[in-house]
$ cat target-v6.cif   # mmCIF, C-alpha atoms
data_protein
loop_
_atom_site.label_atom_id
_atom_site.label_comp_id
_atom_site.auth_asym_id
_atom_site.auth_seq_id
_atom_site.Cartn_x
_atom_site.Cartn_y
_atom_site.Cartn_z
CA MET J 27 -50.38 -101.40 -119.23
CA GLN J 28 -53.65 -103.23 -118.57
CA ASN J 29 -53.93 -101.81 -115.06
CA PHE J 30 -52.95 -98.29 -116.05
CA HIS J 31 -55.12 -96.08 -118.25
CA THR J 32 -54.13 -92.56 -119.27
CA ASP J 33 -54.94 -90.16 -122.09
CA LEU J 34 -51.65 -88.31 -121.56
CA ALA J 35 -48.76 -89.32 -123.81
CA LEU J 36 -46.42 -88.00 -121.12
CA GLU J 37 -47.68 -90.52 -118.57
CA ALA J 38 -47.65 -93.37 -121.09
CA GLY J 39 -44.00 -92.58 -121.81
CA GLU J 40 -43.16 -92.53 -118.13
CA ARG J 41 -44.57 -96.03 -117.74
CA LEU J 42 -42.40 -97.36 -120.57
CA GLN J 43 -39.24 -96.08 -118.88
CA GLN J 44 -37.45 -96.12 -122.23
CA THR J 45 -35.95 -93.01 -123.78
CA GLU J 46 -34.55 -94.67 -126.90
CA LEU J 47 -37.29 -96.09 -129.08
CA PRO J 48 -37.47 -96.00 -132.88
CA GLY J 49 -39.45 -93.02 -134.13
CA LEU J 50 -39.56 -91.32 -130.73
CA VAL J 51 -38.37 -87.74 -130.23
CA SER J 52 -38.96 -86.27 -126.78
CA GLU J 53 -37.85 -83.24 -124.82
CA ASN J 54 -38.62 -82.18 -121.26
CA TYR J 55 -37.79 -78.75 -119.91
CA ARG J 56 -38.87 -76.09 -117.46
CA LYS J 57 -40.18 -72.61 -118.21
CA GLY J 58 -40.44 -70.75 -114.94
CA ALA J 59 -42.85 -72.71 -112.74
CA LEU J 60 -44.03 -74.85 -115.67
CA GLN J 61 -42.83 -78.31 -116.66
CA ILE J 62 -43.19 -78.86 -120.40
CA SER J 63 -42.99 -82.09 -122.36
CA GLU J 64 -42.81 -82.39 -126.16
CA ILE J 65 -43.25 -85.89 -127.56
CA SER J 66 -43.30 -86.80 -131.24
CA LEU J 67 -44.20 -90.32 -132.35
CA PHE J 68 -43.21 -91.21 -135.92
CA SER J 69 -43.26 -95.01 -135.68
CA LYS J 70 -46.52 -96.96 -135.55
CA GLU J 71 -44.84 -99.62 -133.42
CA THR J 72 -43.65 -97.10 -130.85
CA ALA J 73 -46.98 -95.25 -130.94
CA ALA J 74 -48.68 -98.58 -130.18
CA LEU J 75 -46.47 -98.98 -127.10
CA PHE J 76 -47.72 -95.57 -125.96
CA GLY J 77 -51.29 -96.53 -126.79
CA LYS J 78 -51.46 -93.44 -129.03
CA GLU J 79 -51.57 -92.42 -132.67
CA CYS J 80 -48.52 -91.14 -134.52
CA GLY J 81 -48.17 -87.39 -134.09
CA ARG J 82 -47.04 -84.63 -131.76
CA TYR J 83 -48.07 -84.37 -128.11
CA TYR J 84 -47.28 -81.31 -126.01
CA THR J 85 -48.02 -81.30 -122.28
CA VAL J 86 -47.82 -78.40 -119.84
CA GLU J 87 -47.79 -79.24 -116.13
CA CYS J 88 -48.63 -76.51 -113.66
CA GLY J 89 -50.05 -75.82 -110.23
CA GLU J 90 -53.77 -75.72 -109.47
CA MET J 91 -55.09 -73.03 -111.80
CA ARG J 92 -57.72 -71.59 -109.46
CA PHE J 93 -55.05 -70.64 -106.93
CA MET J 94 -52.54 -69.09 -109.35
CA GLU J 95 -51.39 -65.50 -108.97
CA GLU J 96 -51.93 -63.24 -111.98
CA ALA J 97 -48.28 -63.47 -113.07
CA GLU J 98 -48.34 -67.27 -112.82
CA LYS J 99 -51.54 -67.48 -114.82
CA GLU J 100 -50.12 -65.17 -117.49
CA GLU J 101 -47.02 -67.38 -117.79
CA LEU J 102 -49.20 -70.47 -118.20
CA ILE J 103 -51.39 -68.81 -120.84
CA SER J 104 -48.43 -67.39 -122.77
CA GLU J 105 -46.33 -70.56 -122.86
CA SER J 106 -49.32 -72.81 -123.60
CA ALA J 107 -50.50 -70.55 -126.43
CA ALA J 108 -47.00 -70.67 -127.93
CA LEU J 109 -47.04 -74.49 -127.87
CA LEU J 110 -50.52 -74.64 -129.40
CA SER J 111 -49.44 -72.22 -132.13
CA LYS J 112 -46.82 -74.75 -133.27
CA LEU J 113 -49.68 -77.10 -134.20
CA LEU J 114 -51.94 -74.54 -135.89
CA GLU J 115 -52.29 -74.15 -139.64
CA LYS J 116 -51.00 -70.85 -140.97
CA GLY J 117 -52.68 -68.51 -143.43
CA SER J 118 -56.27 -67.46 -143.96
CA GLY J 119 -59.30 -69.62 -143.37
CA THR J 120 -61.70 -70.50 -140.60
CA THR J 121 -60.89 -72.43 -137.43
CA LEU J 122 -63.77 -74.54 -136.16
CA ILE J 123 -63.68 -75.26 -132.42
CA ILE J 124 -65.71 -78.20 -131.16
CA GLY J 125 -66.50 -78.44 -127.46
CA LEU J 126 -67.16 -82.10 -126.71
CA GLY J 127 -68.84 -83.39 -123.58
CA ASN J 128 -71.91 -83.05 -121.43
CA ARG J 129 -72.21 -79.69 -119.64
CA ASP J 130 -74.66 -81.24 -117.16
CA MET J 131 -72.00 -83.68 -115.94
CA THR J 132 -69.27 -81.57 -114.33
CA PRO J 133 -66.19 -83.77 -115.00
CA ASP J 134 -67.26 -84.01 -118.66
CA ALA J 135 -68.11 -80.34 -119.16
CA LEU J 136 -64.68 -78.99 -120.18
CA GLY J 137 -65.51 -78.79 -123.89
CA PRO J 138 -68.81 -76.87 -123.67
CA LYS J 139 -67.65 -74.59 -120.84
CA THR J 140 -64.46 -73.67 -122.68
CA ALA J 141 -66.34 -73.08 -125.95
CA ASP J 142 -68.60 -70.62 -124.11
CA LYS J 143 -65.61 -68.33 -123.56
CA ILE J 144 -64.07 -68.48 -127.05
CA LEU J 145 -63.98 -65.26 -129.06
CA VAL J 146 -66.22 -66.07 -132.06
CA THR J 147 -65.37 -63.92 -135.07
CA ARG J 148 -66.48 -65.59 -138.32
CA HIS J 149 -69.68 -63.53 -138.47
CA LEU J 150 -67.79 -60.24 -137.96
CA LEU J 151 -65.32 -60.46 -140.82
CA GLY J 152 -66.11 -57.96 -143.53
CA LEU J 153 -68.66 -56.13 -141.37
CA LEU J 154 -66.47 -54.10 -139.03
CA PRO J 155 -63.32 -52.14 -139.93
CA GLU J 156 -61.83 -53.22 -136.61
CA ALA J 157 -62.25 -56.86 -137.59
CA GLU J 158 -59.39 -56.80 -140.09
CA LYS J 159 -57.02 -58.00 -137.34
CA LEU J 160 -59.20 -60.97 -136.49
CA GLN J 161 -58.76 -64.59 -137.49
CA SER J 162 -61.97 -66.38 -138.45
CA VAL J 163 -63.20 -68.59 -135.59
CA CYS J 164 -66.51 -70.38 -135.01
CA ILE J 165 -67.66 -72.96 -132.46
CA LEU J 166 -69.83 -76.05 -132.29
CA GLU J 167 -71.23 -77.82 -129.23
CA PRO J 168 -72.60 -81.16 -130.51
CA LYS J 169 -73.52 -82.43 -127.02
CA VAL J 170 -73.24 -86.20 -126.57
CA THR J 171 -74.64 -89.10 -128.56
CA GLY J 172 -76.75 -90.21 -125.60
CA ILE J 173 -78.70 -86.94 -125.85
CA THR J 174 -78.78 -86.29 -129.61
CA GLY J 175 -78.66 -89.83 -130.99
CA ILE J 176 -76.07 -88.58 -133.49
CA GLU J 177 -72.33 -89.23 -133.40
CA SER J 178 -70.30 -86.08 -132.77
CA ALA J 179 -68.04 -87.07 -135.65
CA ASP J 180 -71.02 -87.13 -138.03
CA ILE J 181 -72.15 -83.67 -136.90
CA ALA J 182 -68.62 -82.33 -137.26
CA ALA J 183 -68.20 -83.88 -140.71
CA ALA J 184 -71.46 -82.36 -141.95
CA LEU J 185 -70.54 -78.89 -140.70
CA ALA J 186 -66.96 -79.14 -141.96
CA GLY J 187 -68.27 -80.04 -145.40
CA LYS J 188 -70.42 -76.90 -145.38
CA ILE J 189 -68.07 -74.23 -143.98
CA LYS J 190 -64.80 -75.87 -145.09
CA PRO J 191 -62.54 -74.84 -142.18
CA LYS J 192 -58.77 -74.87 -142.55
CA GLN J 193 -58.53 -76.76 -139.25
CA ILE J 194 -60.60 -78.07 -136.37
CA ILE J 195 -59.74 -77.84 -132.67
CA VAL J 196 -61.51 -80.39 -130.48
CA ILE J 197 -61.72 -79.81 -126.72
CA ASP J 198 -62.50 -82.66 -124.36
CA ALA J 199 -61.93 -83.76 -120.77
CA LEU J 200 -59.27 -86.45 -120.36
CA ALA J 201 -58.42 -89.24 -117.93
CA ALA J 202 -55.15 -89.04 -116.02
CA GLY J 203 -52.97 -91.88 -114.85
CA GLU J 204 -52.04 -90.12 -111.62
CA GLU J 205 -54.32 -87.99 -109.47
CA LYS J 206 -51.71 -85.22 -109.18
CA ARG J 207 -52.29 -84.29 -112.84
CA ILE J 208 -56.06 -83.82 -112.61
CA GLY J 209 -56.73 -80.15 -113.37
CA ARG J 210 -52.99 -79.48 -113.39
CA SER J 211 -51.88 -80.45 -116.88
CA ILE J 212 -52.88 -79.51 -120.41
CA GLN J 213 -52.26 -81.66 -123.48
CA PHE J 214 -52.20 -80.47 -127.09
CA SER J 215 -51.85 -82.92 -129.98
CA ASP J 216 -52.30 -82.99 -133.75
CA THR J 217 -53.77 -86.50 -133.80
CA GLY J 218 -57.44 -85.76 -133.29
CA ILE J 219 -59.51 -87.44 -130.58
CA THR J 220 -62.02 -90.19 -129.89
CA PRO J 221 -64.94 -88.72 -127.87
CA GLY J 222 -65.55 -90.43 -124.56
CA SER J 223 -62.26 -92.34 -124.60
CA GLY J 224 -61.30 -90.76 -121.29
CA ILE J 225 -64.14 -92.61 -119.56
CA GLY J 226 -64.09 -95.76 -121.67
CA ASN J 227 -67.06 -94.82 -123.85
CA LYS J 228 -65.43 -94.67 -127.27
CA ARG J 229 -67.30 -93.16 -130.20
CA LEU J 230 -66.26 -92.41 -133.79
CA ALA J 231 -62.92 -90.60 -134.00
CA LEU J 232 -62.59 -86.96 -134.98
CA ASN J 233 -59.36 -86.76 -136.95
CA LYS J 234 -57.99 -85.75 -140.33
CA GLU J 235 -59.06 -89.04 -141.89
CA SER J 236 -62.70 -88.65 -140.83
CA LEU J 237 -63.07 -84.88 -141.25
CA GLY J 238 -60.75 -84.12 -144.15
CA VAL J 239 -58.84 -81.30 -142.41
CA PRO J 240 -56.16 -81.17 -139.69
CA VAL J 241 -57.64 -81.84 -136.24
CA ILE J 242 -55.96 -80.60 -133.07
CA ALA J 243 -57.00 -82.14 -129.76
CA VAL J 244 -56.88 -80.07 -126.57
CA GLY J 245 -57.67 -81.48 -123.16
CA ILE J 246 -57.20 -81.38 -119.41
CA PRO J 247 -57.51 -84.49 -117.20
CA MET J 248 -60.60 -84.36 -114.99
CA VAL J 249 -60.92 -88.00 -113.89
CA ILE J 250 -58.86 -91.07 -113.13
CA TYR J 251 -59.96 -94.69 -113.40
CA ALA J 252 -60.50 -96.25 -109.97
CA LYS J 253 -58.52 -99.29 -111.11
CA THR J 254 -55.64 -97.08 -112.23
CA LEU J 255 -55.71 -95.18 -108.96
CA ALA J 256 -55.65 -98.40 -106.95
CA PHE J 257 -52.84 -99.80 -109.06
CA SER J 258 -50.73 -96.64 -108.70
CA MET J 259 -51.16 -96.55 -104.93
CA LEU J 260 -50.39 -100.23 -104.45
CA GLU J 261 -47.43 -100.04 -106.80
CA LYS J 262 -45.80 -97.34 -104.67
CA VAL J 263 -46.27 -99.23 -101.41
CA PHE J 264 -46.00 -102.87 -102.53
CA PRO J 265 -43.66 -103.37 -105.51
CA ASP J 266 -44.76 -107.01 -105.66
CA GLU J 267 -45.67 -108.40 -109.05
CA LYS J 268 -48.31 -110.67 -107.48
CA ILE J 269 -50.27 -107.64 -106.29
CA LYS J 270 -50.12 -106.09 -109.76
CA GLU J 271 -51.23 -109.35 -111.32
CA SER J 272 -54.17 -109.66 -108.93
CA LEU J 273 -55.60 -106.36 -110.18
CA GLN J 274 -55.93 -107.83 -113.66
CA MET J 275 -58.63 -110.09 -112.25
CA ILE J 276 -60.87 -107.05 -111.71
CA GLU J 277 -63.13 -106.99 -114.76
CA ASN J 278 -65.12 -103.81 -114.07
CA ASP J 279 -62.72 -100.95 -114.78
CA GLY J 280 -65.45 -98.48 -115.79
CA LEU J 281 -65.55 -96.71 -112.44
CA VAL J 282 -63.88 -93.29 -112.54
CA VAL J 283 -62.94 -90.95 -109.71
CA THR J 284 -62.83 -87.16 -109.64
CA PRO J 285 -61.89 -84.64 -106.90
CA LYS J 286 -64.63 -83.35 -104.59
CA GLU J 287 -63.73 -79.78 -105.67
CA ILE J 288 -64.32 -80.62 -109.34
CA ASP J 289 -66.84 -77.78 -109.80
CA ALA J 290 -64.29 -75.10 -108.90
CA ILE J 291 -61.50 -76.91 -110.73
CA MET J 292 -63.60 -77.17 -113.88
CA GLU J 293 -64.54 -73.48 -113.94
CA SER J 294 -60.94 -72.38 -113.52
CA CYS J 295 -59.61 -74.83 -116.12
CA ALA J 296 -62.26 -73.87 -118.71
CA ASP J 297 -61.56 -70.17 -118.21
CA THR J 298 -57.79 -70.66 -118.49
CA LEU J 299 -58.03 -72.96 -121.51
CA ALA J 300 -60.29 -70.49 -123.33
CA LYS J 301 -57.74 -67.72 -122.76
CA ILE J 302 -54.99 -69.95 -124.15
CA LEU J 303 -57.02 -70.72 -127.27
CA ASN J 304 -57.99 -67.09 -127.77
CA ARG J 305 -54.38 -65.98 -127.40
CA ALA J 306 -53.14 -68.54 -129.92
CA LEU J 307 -55.94 -67.92 -132.45
CA GLN J 308 -55.92 -64.12 -132.27
CA PRO J 309 -52.19 -63.21 -132.12
CA ASN J 310 -52.78 -59.77 -133.66
CA LEU J 311 -55.00 -58.51 -130.83
CA SER J 312 -53.69 -56.68 -127.79
CA LYS J 313 -55.37 -57.25 -124.42
CA GLU J 314 -57.21 -53.94 -124.78
CA GLU J 315 -58.41 -54.78 -128.30
CA PHE J 316 -59.46 -58.24 -127.19
CA GLU J 317 -61.71 -56.77 -124.49
CA GLN J 318 -63.47 -54.63 -127.13
CA PHE J 319 -64.67 -57.72 -128.96
CA GLN J 320 -65.87 -59.59 -125.89
#
$ encode --input "target-v6.cif" --output "structure tokens"
Amino acid sequence: MQNFHTDLALEAGERLQQTELPGLVSENYRKGALQISEISLFSKETAALFGKECGRYYTVECGEMRFMEEAEKEELISESAALLSKLLEKGSGTTLIIGLGNRDMTPDALGPKTADKILVTRHLLGLLPEAEKLQSVCILEPKVTGITGIESADIAAALAGKIKPKQIIVIDALAAGEEKRIGRSIQFSDTGITPGSGIGNKRLALNKESLGVPVIAVGIPMVIYAKTLAFSMLEKVFPDEKIKESLQMIENDGLVVTPKEIDAIMESCADTLAKILNRALQPNLSKEEFEQFQ
């Protein structure tokens, strides 16, 4: 898939057009207006075909979040939180949420903007009687290596060694393989993440091997490679192998494209994603109780 880059396991699977592969378990189903995909990769060979690591990948496809009615938004939050909960560690302990990305670059600001809206509770436990229902949550915004000069994985490892969380949730913007999924799909996985991989700027990975605790990756596609976009469009109109082969001659595939409404899309996605995370991490709180802690 040299001409086609995607961070979504769902899209990688669609390109393979094979449902029977060793170590692959997949299920696709609808929940109301949502299309949900659950993919589990147990074989390294099959995972390599997907261009992914072995693990579980859950994807929720929806409409444009900023235009959803309240009932539609509630359905998205509820179903997504239930999927995320399947990946979370049970029992006591702190969850560290890391918002990756550059908040000054809109398509890359999903991590920081989502982290801004997370209910932080670690400092409240033991201080307030009302806090007994809360799960311990804290956040980190490491910015990007180009600003700090420090790898995000190194910052995360240092902090994890100090506070010893039971799990880490990493939020980052992703790259889609098709423009229709930008801002309209959410992926959860238990494989960790490589910062900047969505825009071809790979850094050190944040995963269980590097951080010593389970790492859950959460992301929404915000960009698409120009080369991938061109390939997808030509493929639909001209199913000629020569045209596909000609694209491989294009060496510069670092150009990415994002919608002109990305500012509004980003704000809506960050707000929705934060509500999903809060719902999954604080299952004992009612809506009324949640508002008291905000």
$ atom_distance --input "target-v6.cif" --atom1 "atom CA of Glu205 of chain J" --atom2 "atom CA of Met94 of chain J"
19.0 Å
$ resolve_selection --input "target-v6.cif" --expression "the PyMOL selection byres ((chain J and resi 297) around 10)" --output "tab-separated table (two decimals) with C-alpha atoms, in the coordinates of the input"
chain	number	residue	atom	x	y	z
J	91	MET	CA	-55.09	-73.03	-111.80
J	92	ARG	CA	-57.72	-71.59	-109.46
J	136	LEU	CA	-64.68	-78.99	-120.18
J	139	LYS	CA	-67.65	-74.59	-120.84
J	140	THR	CA	-64.46	-73.67	-122.68
J	141	ALA	CA	-66.34	-73.08	-125.95
J	142	ASP	CA	-68.60	-70.62	-124.11
J	143	LYS	CA	-65.61	-68.33	-123.56
J	144	ILE	CA	-64.07	-68.48	-127.05
J	292	MET	CA	-63.60	-77.17	-113.88
J	293	GLU	CA	-64.54	-73.48	-113.94
J	294	SER	CA	-60.94	-72.38	-113.52
J	295	CYS	CA	-59.61	-74.83	-116.12
J	296	ALA	CA	-62.26	-73.87	-118.71
J	298	THR	CA	-57.79	-70.66	-118.49
J	299	LEU	CA	-58.03	-72.96	-121.51
J	300	ALA	CA	-60.29	-70.49	-123.33
J	301	LYS	CA	-57.74	-67.72	-122.76
J	302	ILE	CA	-54.99	-69.95	-124.15
$ closest_residue --input "target-v6.cif" --among "J:Glu167, J:Asp134, J:Glu71, J:Glu235" --to "Val282 of chain J" --atoms "all atoms listed in the file"
J:Asp134
$ resolve_selection --input "target-v6.cif" --expression "the PyMOL selection byres ((chain J and resi 284) around 9)" --output "list in words"
Pro133, Glu205, Ile208, Met248, Val249, Ile250, Tyr251, Val282, Val283, Pro285, Lys286, Glu287 and Ile288 of chain J
$ closest_residue --input "target-v6.cif" --among "J:Glu158, J:His31, J:Thr85, J:Pro191" --to "Glu53 of chain J" --atoms "all atoms listed in the file"
J:Thr85
$ closest_residue --input "target-v6.cif" --among "J:Ile103, J:Leu67, J:Ala256, J:Ile124" --to "Ser52 of chain J" --atoms "only C-alpha atoms"
J:Leu67
$ atom_distance --input "target-v6.cif" --atom1 "atom CA of Leu34 of chain J" --atom2 "atom CA of Met259 of chain J"
18.6 Å
$ residues_around --input "target-v6.cif" --residues "segment 106-111 of chain J" --least-positions-apart "2" --cutoff "10 Å" --atoms "only C-alpha atoms" --output "ChimeraX atom specification"
/J:60,62,64,83-87,100-104,113-116,212-216,242-244,299,301-307,309
$ resolve_selection --input "target-v6.cif" --expression "the PyMOL selection byres ((chain J and resi 179) around 8)" --output "count of residues only"
11
